[in-house]
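J.: target32.tsv is the file, holding TSV, C-alpha atoms:
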chain	number	residue	atom	x	y	z
A	1	MET	CA	95.83	117.14	66.93
A	2	ARG	CA	95.39	116.48	70.65
A	3	LEU	CA	92.93	118.05	73.08
A	4	VAL	CA	94.04	118.36	76.71
A	5	VAL	CA	91.34	119.52	79.13
A	6	GLY	CA	92.15	120.61	82.67
A	7	LEU	CA	89.23	120.63	85.10
A	8	GLY	CA	88.57	123.28	87.71
A	9	ASN	CA	86.33	126.17	88.66
A	10	PRO	CA	86.77	129.66	87.14
A	11	GLY	CA	87.30	132.84	89.12
A	12	ILE	CA	89.91	134.31	91.44
A	13	GLU	CA	88.13	132.87	94.47
A	14	HIS	CA	88.90	129.34	93.24
A	15	GLN	CA	92.57	129.82	92.45
A	16	GLY	CA	94.82	127.52	94.46
A	17	THR	CA	91.97	125.27	95.60
A	18	ARG	CA	92.29	121.49	95.54
A	19	HIS	CA	89.55	121.13	92.92
A	20	ASN	CA	91.64	123.23	90.50
A	21	ALA	CA	94.64	120.91	90.27
A	22	GLY	CA	93.72	120.22	86.62
A	23	PHE	CA	93.87	123.93	85.84
A	24	GLU	CA	97.32	124.13	87.41
A	25	VAL	CA	98.66	121.37	85.17
A	26	LEU	CA	97.25	123.17	82.11
A	27	ASP	CA	98.91	126.41	83.21
A	28	ARG	CA	102.27	124.62	83.29
A	29	LEU	CA	101.71	123.19	79.82
A	30	ALA	CA	100.68	126.58	78.42
A	31	ARG	CA	103.79	128.26	79.79
A	32	ARG	CA	106.00	125.63	78.19
A	33	TYR	CA	104.23	124.63	75.00
A	34	GLY	CA	101.84	127.49	74.16
A	35	ASP	CA	102.32	129.31	70.87
A	36	PRO	CA	103.76	131.66	71.98
A	37	PRO	CA	104.80	130.13	75.33
A	38	GLY	CA	102.78	131.73	78.11
A	39	GLY	CA	100.64	133.64	75.61
A	40	ALA	CA	97.14	134.82	76.49
A	41	ALA	CA	94.31	132.31	76.28
A	42	LYS	CA	91.42	132.82	73.87
A	43	SER	CA	87.75	132.51	74.79
A	44	ARG	CA	86.60	129.40	72.89
A	45	PHE	CA	84.37	126.37	73.47
A	46	ALA	CA	82.91	127.76	76.72
A	47	GLY	CA	86.42	127.90	78.11
A	48	LEU	CA	89.88	129.41	77.89
A	49	LEU	CA	91.95	127.93	75.05
A	50	VAL	CA	95.68	128.00	74.40
A	51	GLU	CA	97.01	126.46	71.19
A	52	GLY	CA	100.51	125.08	71.03
A	53	ARG	CA	102.84	122.29	69.99
A	54	ILE	CA	104.40	119.43	71.88
A	55	GLY	CA	107.09	118.03	69.63
A	56	ASP	CA	105.47	117.69	66.21
A	57	GLU	CA	101.97	117.36	67.66
A	58	ARG	CA	99.54	120.28	67.61
A	59	VAL	CA	97.77	120.54	70.97
A	60	LEU	CA	94.75	122.43	72.26
A	61	LEU	CA	94.91	123.25	75.98
A	62	LEU	CA	91.40	123.92	77.26
A	63	LYS	CA	90.17	125.07	80.68
A	64	PRO	CA	86.34	125.01	80.77
A	65	THR	CA	84.83	128.10	82.40
A	66	THR	CA	81.45	126.44	82.91
A	67	PHE	CA	82.16	125.38	86.52
A	68	MET	CA	83.10	121.82	87.31
A	69	ASN	CA	79.73	120.09	87.10
A	70	LEU	CA	79.12	121.38	83.55
A	71	SER	CA	82.57	120.68	82.10
A	72	GLY	CA	81.23	118.22	79.53
A	73	SER	CA	79.62	120.88	77.35
A	74	SER	CA	82.99	122.57	76.76
A	75	VAL	CA	84.71	119.26	76.02
A	76	LEU	CA	82.01	118.13	73.60
A	77	GLU	CA	82.01	121.43	71.72
A	78	ALA	CA	85.79	121.31	71.17
A	79	LEU	CA	85.73	117.66	70.10
A	80	ARG	CA	82.93	118.24	67.60
A	81	PHE	CA	84.43	121.39	66.12
A	82	HIS	CA	87.79	119.73	65.44
A	83	LYS	CA	86.27	116.31	64.61
A	84	LEU	CA	88.40	114.54	67.23
A	85	ASP	CA	88.02	111.02	68.61
A	86	ALA	CA	87.66	111.19	72.42
A	87	SER	CA	89.17	107.73	72.92
A	88	LYS	CA	92.38	108.69	71.08
A	89	ASP	CA	92.70	112.47	70.96
A	90	LEU	CA	91.37	113.62	74.36
A	91	LEU	CA	93.09	113.68	77.75
A	92	VAL	CA	91.29	115.09	80.79
A	93	VAL	CA	93.39	116.20	83.77
A	94	THR	CA	91.63	116.32	87.13
A	95	ASP	CA	92.04	116.19	90.89
A	96	ASP	CA	91.44	112.96	92.86
A	97	PHE	CA	91.12	112.72	96.63
A	98	ALA	CA	91.56	108.93	96.48
A	99	LEU	CA	95.27	109.47	95.68
A	100	PRO	CA	98.03	110.88	97.90
A	101	CYS	CA	98.80	114.54	97.28
A	102	GLY	CA	101.00	114.93	94.21
A	103	ALA	CA	100.66	111.31	93.05
A	104	MET	CA	99.11	110.58	89.67
A	105	ARG	CA	97.32	107.84	87.79
A	106	LEU	CA	96.80	107.75	84.04
A	107	ARG	CA	93.99	105.56	82.72
A	108	ALA	CA	92.48	104.82	79.32
A	109	GLN	CA	88.88	104.89	80.60
A	110	GLY	CA	86.86	104.34	83.75
A	111	GLY	CA	84.23	105.57	86.15
A	112	ASP	CA	83.95	109.06	87.58
A	113	GLY	CA	84.74	108.10	91.19
A	114	GLY	CA	82.15	110.58	92.39
A	115	HIS	CA	83.84	113.47	90.55
A	116	ASN	CA	81.20	115.81	89.13
A	117	GLY	CA	83.38	117.04	86.28
A	118	LEU	CA	84.21	113.54	85.05
A	119	ALA	CA	80.58	112.50	85.47
A	120	ASP	CA	79.36	115.37	83.28
A	121	ILE	CA	81.92	114.64	80.56
A	122	THR	CA	80.83	110.98	80.51
A	123	ARG	CA	77.18	112.04	80.32
A	124	ARG	CA	77.77	114.50	77.49
A	125	LEU	CA	79.98	112.17	75.45
A	126	GLY	CA	77.78	109.14	76.10
A	127	SER	CA	80.82	107.05	77.03
A	128	ASP	CA	83.58	106.77	79.64
A	129	ARG	CA	86.07	105.49	77.05
A	130	TRP	CA	88.46	108.45	77.06
A	131	PRO	CA	91.80	108.89	78.83
A	132	ARG	CA	92.10	110.75	82.09
A	133	LEU	CA	95.02	111.78	84.28
A	134	ARG	CA	94.17	112.05	87.96
A	135	VAL	CA	96.33	114.11	90.30
A	136	GLY	CA	96.14	113.27	94.00
A	137	ILE	CA	94.99	115.85	96.54
A	138	ASP	CA	94.75	113.59	99.66
A	139	ALA	CA	91.56	112.36	101.32
A	140	PRO	CA	89.22	114.87	103.00
A	141	GLY	CA	89.41	113.34	106.46
A	142	ARG	CA	86.69	114.55	108.82
A	143	ILE	CA	85.46	117.58	106.87
A	144	SER	CA	82.90	117.35	104.09
A	145	THR	CA	84.16	116.48	100.62
A	146	GLU	CA	82.76	119.70	99.15
A	147	SER	CA	84.44	121.91	101.74
A	148	TYR	CA	87.69	120.02	101.32
A	149	VAL	CA	87.97	120.19	97.52
A	150	LEU	CA	86.99	123.88	97.50
A	151	GLY	CA	89.63	124.68	100.12
A	152	VAL	CA	93.23	125.64	99.42
A	153	PHE	CA	96.19	123.30	99.82
A	154	THR	CA	98.05	123.42	103.10
A	155	PRO	CA	101.73	124.46	102.93
A	156	GLU	CA	102.71	120.83	103.57
A	157	GLN	CA	100.47	119.60	100.74
A	158	ARG	CA	101.81	122.26	98.40
A	159	LYS	CA	105.36	120.95	98.91
A	160	GLN	CA	104.18	117.54	97.69
A	161	LEU	CA	101.84	118.88	95.04
A	162	ASP	CA	104.10	121.18	93.01
A	163	PRO	CA	106.58	118.44	91.95
A	164	GLY	CA	103.57	116.22	91.18
A	165	LEU	CA	102.03	118.88	88.94
A	166	ASP	CA	105.34	119.26	87.08
A	167	GLU	CA	105.46	115.50	86.57
A	168	ALA	CA	101.82	115.43	85.47
A	169	ALA	CA	102.69	117.99	82.78
A	170	GLU	CA	105.52	115.69	81.67
A	171	ALA	CA	103.05	112.80	81.50
A	172	VAL	CA	100.73	114.84	79.28
A	173	ALA	CA	103.61	115.69	76.95
A	174	CYS	CA	104.55	112.01	76.77
A	175	TRP	CA	100.94	111.05	75.96
A	176	ALA	CA	100.79	113.68	73.20
A	177	THR	CA	104.01	112.58	71.49
A	178	GLU	CA	104.43	108.89	72.34
A	179	GLY	CA	100.91	107.67	73.06
A	180	LEU	CA	98.87	106.49	76.03
A	181	GLU	CA	100.57	103.16	76.65
A	182	ALA	CA	104.05	104.71	76.77
A	183	ALA	CA	102.84	107.40	79.18
A	184	MET	CA	101.09	104.84	81.42
A	185	ASN	CA	104.16	102.61	81.52
A	186	ARG	CA	106.47	105.47	82.41
A	187	PHE	CA	104.42	107.58	84.78
A	188	ASN	CA	102.05	105.22	86.57
A	189	ARG	CA	105.09	103.36	87.93
A	190	ARG	CA	106.49	106.61	89.31
A	191	GLY	CA	103.23	107.68	90.84
A	192	VAL	CA	101.24	105.17	92.88
A	193	GLY	CA	102.43	101.92	91.35
A	194	ALA	CA	99.36	101.47	89.18
A	195	SER	CA	99.52	98.73	86.59
A	196	ALA	CA	100.38	99.88	83.10
A	197	LYS	CA	97.64	97.55	81.86
A	198	GLU	CA	94.97	99.18	84.04
A	199	ALA	CA	92.04	100.43	82.00
Since I need it in another form, could you write the structure as structure tokens?
T.:
Amino acid sequence: MRLVVGLGNPGIEHQGTRHNAGFEVLDRLARRYGDPPGGAAKSRFAGLLVEGRIGDERVLLLKPTTFMNLSGSSVLEALRFHKLDASKDLLVVTDDFALPCGAMRLRAQGGDGGHNGLADITRRLGSDRWPRLRVGIDAPGRISTESYVLGVFTPEQRKQLDPGLDEAAEAVACWATEGLEAAMNRFNRRGVGASAKEA
């Protein structure tokens, strides 16, 4: 069993914002791999949960509804309930303003890069040794980081983002069925040229 967690903020007012790129990847996965595809999510683990299959692998697609800076409680609850190993069975999908819009980087572990959602997961799990897939949203520029990530994508960014989100969903499917190293080798090269050995 694999647990895929997309990070974002709940509520209509946050739909389409840059901070919700992780939610958008999960929505794509649910439409394709949910059982049934596109079926309604259940309220579980302080989040919205869709169960499905990618190949022969059972997957749990979880969107925490705790708001970004408390995402770790949802992740920890799901891991404990299903007795999963975060270093092997968990993949967190999140936005990253250090990457160009629509680019991606898959890593086995690492710091939070100032991302409140990643920081809370690390705090709750007591370790940063769990895979994460970062989806680029461009740098904030002259406006504050908070205003930028809570703002919606420009039309130009959306043109770059949508193909990147589709590819990020492909990367998640590859991770679920073929493993982390295979997904890193295949998708980091396409994205921003990150080393497949990066950890």
J.: Suppose you want the space between CA of Leu118 in chain A and CA of Pro155 in chain A; what is it in Å?
T.: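 So the answer is 27.3 Å.
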J.: Mind giving me the straight-line distance from CA of Asp35 in chain A to CA of Glu167 in chain A in Å, one decimal?
T.: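 The value is 21.1 Å.
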J.: Using only C-alpha atoms for the distances, tell me which of A:Gly52, A:Gly102, A:Gly151, A:Gly39 is nearest to Arg134 in chain A.
T.: A:Gly102
J.: Counting all atoms listed in the file, which residue out of A:Gly6, A:Gly117, A:Gly11, A:Pro37 sits closest to Leu165 in chain A?
T.: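 Counting all atoms listed in the file, the residue closest to Leu165 in chain A is A:Gly6.
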J.: Quick one: of A:Val5, A:Val50, A:Leu26, A:Leu180, who's nearest to Lys88 in chain A, counting only C-alpha atoms?
T.: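 Counting only C-alpha atoms, the residue closest to Lys88 in chain A is A:Leu180.
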J.: So, counting all atoms listed in the file, which residue among A:Ala86, A:Leu79, A:Val135, A:Met68 is closest to Pro100 in chain A?
T.: A:Val135
J.: List the neighbours of Ala108 in chain A out to 10 Å using only C-alpha atoms; skip same-chain residues closer than 4 positions along the sequence, and give me the result as a list in words.
T.: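 The residues that qualify are Ser87, Lys88, Leu91, Asp128, Arg129, Trp130, Pro131, Arg132, Leu133, Leu180, Glu181, Met184, Lys197, Glu198 and Ala199 of chain A.
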J.: Out of A:Gly72, A:Gly22, A:Gly111, A:Gly179, which residue has the shortest atom-to-atom distance to Gly136 in chain A when counting all atoms listed in the file?
T.: A:Gly22
J.: Measure the distance from CA of Thr177 in chain A to CA of Arg2 in chain A in Å and round it to one decimal.
T.: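 CA of Thr177 in chain A sits 9.5 Å away from CA of Arg2 in chain A.
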J.: I'd like the neighbourhood of Cys101 in chain A as a VMD selection string, where a residue qualifies if any of its atoms comes within 10 Å (using only C-alpha atoms), though same-chain residues fewer than 5 positions away should be ignored.
T.: chain A and resid 18 95 to 96 135 to 139 153 156 to 162 164 to 165
J.: Using all atoms listed in the file, can you tell me which of A:Arg189, A:Lys83, A:Arg53, A:Arg58 comes closest to Gly34 in chain A?
T.: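 Using all atoms listed in the file, Gly34 in chain A sits closest to A:Arg53.
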J.: Once 8 Å is added on each side, what centre and edge lengths in Å to one decimal does the axis-aligned box around all listed atoms of range 32-48 of chain A have, as JSON?
T.:
{"center_x": 94.5, "center_y": 129.7, "center_z": 74.5, "size_x": 39.1, "size_y": 26.2, "size_z": 23.3}
J.: Within 9 Å of (91.4, 122.3, 78.3), in the coordinates the file gives, what residues turn up when you count all atoms listed in the file, written out as number ranges by chain?
T.: A: 3-7, 22-23, 26, 47-50, 60-64, 74-75, 91-93
J.: Could range 147-173 of chain A be completed with N, CA and C atoms and written as an mmCIF file, in the coordinates of the input, please?
T.:
data_model
loop_
_atom_site.group_PDB
_atom_site.id
_atom_site.type_symbol
_atom_site.label_atom_id
_atom_site.label_comp_id
_atom_site.auth_asym_id
_atom_site.auth_seq_id
_atom_site.Cartn_x
_atom_site.Cartn_y
_atom_site.Cartn_z
ATOM 1 N N SER A 147 83.618 120.894 101.089
ATOM 2 C CA SER A 147 84.440 121.910 101.740
ATOM 3 C C SER A 147 85.921 121.645 101.495
ATOM 4 N N TYR A 148 86.286 120.371 101.493
ATOM 5 C CA TYR A 148 87.690 120.020 101.320
ATOM 6 C C TYR A 148 88.190 120.385 99.926
ATOM 7 N N VAL A 149 87.473 119.960 98.880
ATOM 8 C CA VAL A 149 87.970 120.190 97.520
ATOM 9 C C VAL A 149 87.941 121.670 97.149
ATOM 10 N N LEU A 150 87.068 122.451 97.787
ATOM 11 C CA LEU A 150 86.990 123.880 97.500
ATOM 12 C C LEU A 150 87.925 124.693 98.398
ATOM 13 N N GLY A 151 88.651 124.006 99.273
ATOM 14 C CA GLY A 151 89.630 124.680 100.120
ATOM 15 C C GLY A 151 91.000 124.690 99.465
ATOM 16 N N VAL A 152 91.889 125.540 99.979
ATOM 17 C CA VAL A 152 93.230 125.640 99.420
ATOM 18 C C VAL A 152 94.147 124.583 100.033
ATOM 19 N N PHE A 153 95.204 124.257 99.323
ATOM 20 C CA PHE A 153 96.190 123.300 99.820
ATOM 21 C C PHE A 153 96.925 123.874 101.025
ATOM 22 N N THR A 154 97.225 123.003 101.974
ATOM 23 C CA THR A 154 98.050 123.420 103.100
ATOM 24 C C THR A 154 99.491 123.602 102.601
ATOM 25 N N PRO A 155 100.328 124.323 103.333
ATOM 26 C CA PRO A 155 101.730 124.460 102.930
ATOM 27 C C PRO A 155 102.426 123.102 102.776
ATOM 28 N N GLU A 156 102.102 122.161 103.660
ATOM 29 C CA GLU A 156 102.710 120.830 103.570
ATOM 30 C C GLU A 156 102.260 120.112 102.303
ATOM 31 N N GLN A 157 100.971 120.218 101.968
ATOM 32 C CA GLN A 157 100.470 119.600 100.740
ATOM 33 C C GLN A 157 101.092 120.247 99.509
ATOM 34 N N ARG A 158 101.260 121.559 99.554
ATOM 35 C CA ARG A 158 101.810 122.260 98.400
ATOM 36 C C ARG A 158 103.224 121.792 98.089
ATOM 37 N N LYS A 159 103.998 121.456 99.122
ATOM 38 C CA LYS A 159 105.360 120.950 98.910
ATOM 39 C C LYS A 159 105.339 119.626 98.155
ATOM 40 N N GLN A 160 104.318 118.807 98.405
ATOM 41 C CA GLN A 160 104.180 117.540 97.690
ATOM 42 C C GLN A 160 103.543 117.744 96.322
ATOM 43 N N LEU A 161 102.635 118.705 96.254
ATOM 44 C CA LEU A 161 101.840 118.880 95.040
ATOM 45 C C LEU A 161 102.658 119.429 93.881
ATOM 46 N N ASP A 162 103.427 120.485 94.120
ATOM 47 C CA ASP A 162 104.100 121.180 93.010
ATOM 48 C C ASP A 162 104.976 120.251 92.169
ATOM 49 N N PRO A 163 105.824 119.389 92.781
ATOM 50 C CA PRO A 163 106.580 118.440 91.950
ATOM 51 C C PRO A 163 105.661 117.477 91.199
ATOM 52 N N GLY A 164 104.529 117.104 91.837
ATOM 53 C CA GLY A 164 103.570 116.220 91.180
ATOM 54 C C GLY A 164 102.916 116.865 89.977
ATOM 55 N N LEU A 165 102.624 118.163 90.074
ATOM 56 C CA LEU A 165 102.030 118.880 88.940
ATOM 57 C C LEU A 165 103.026 118.979 87.789
ATOM 58 N N ASP A 166 104.302 119.224 88.121
ATOM 59 C CA ASP A 166 105.340 119.260 87.080
ATOM 60 C C ASP A 166 105.424 117.910 86.371
ATOM 61 N N GLU A 167 105.363 116.834 87.164
ATOM 62 C CA GLU A 167 105.460 115.500 86.570
ATOM 63 C C GLU A 167 104.204 115.173 85.762
ATOM 64 N N ALA A 168 103.055 115.637 86.229
ATOM 65 C CA ALA A 168 101.820 115.430 85.470
ATOM 66 C C ALA A 168 101.907 116.109 84.108
ATOM 67 N N ALA A 169 102.498 117.310 84.059
ATOM 68 C CA ALA A 169 102.690 117.990 82.780
ATOM 69 C C ALA A 169 103.610 117.181 81.876
ATOM 70 N N GLU A 170 104.639 116.568 82.448
ATOM 71 C CA GLU A 170 105.520 115.690 81.670
ATOM 72 C C GLU A 170 104.747 114.497 81.117
ATOM 73 N N ALA A 171 103.853 113.949 81.937
ATOM 74 C CA ALA A 171 103.050 112.800 81.500
ATOM 75 C C ALA A 171 102.148 113.177 80.332
ATOM 76 N N VAL A 172 101.564 114.366 80.385
ATOM 77 C CA VAL A 172 100.730 114.840 79.280
ATOM 78 C C VAL A 172 101.556 114.968 78.005
ATOM 79 N N ALA A 173 102.746 115.534 78.121
ATOM 80 C CA ALA A 173 103.610 115.690 76.950
ATOM 81 C C ALA A 173 103.983 114.332 76.365
#
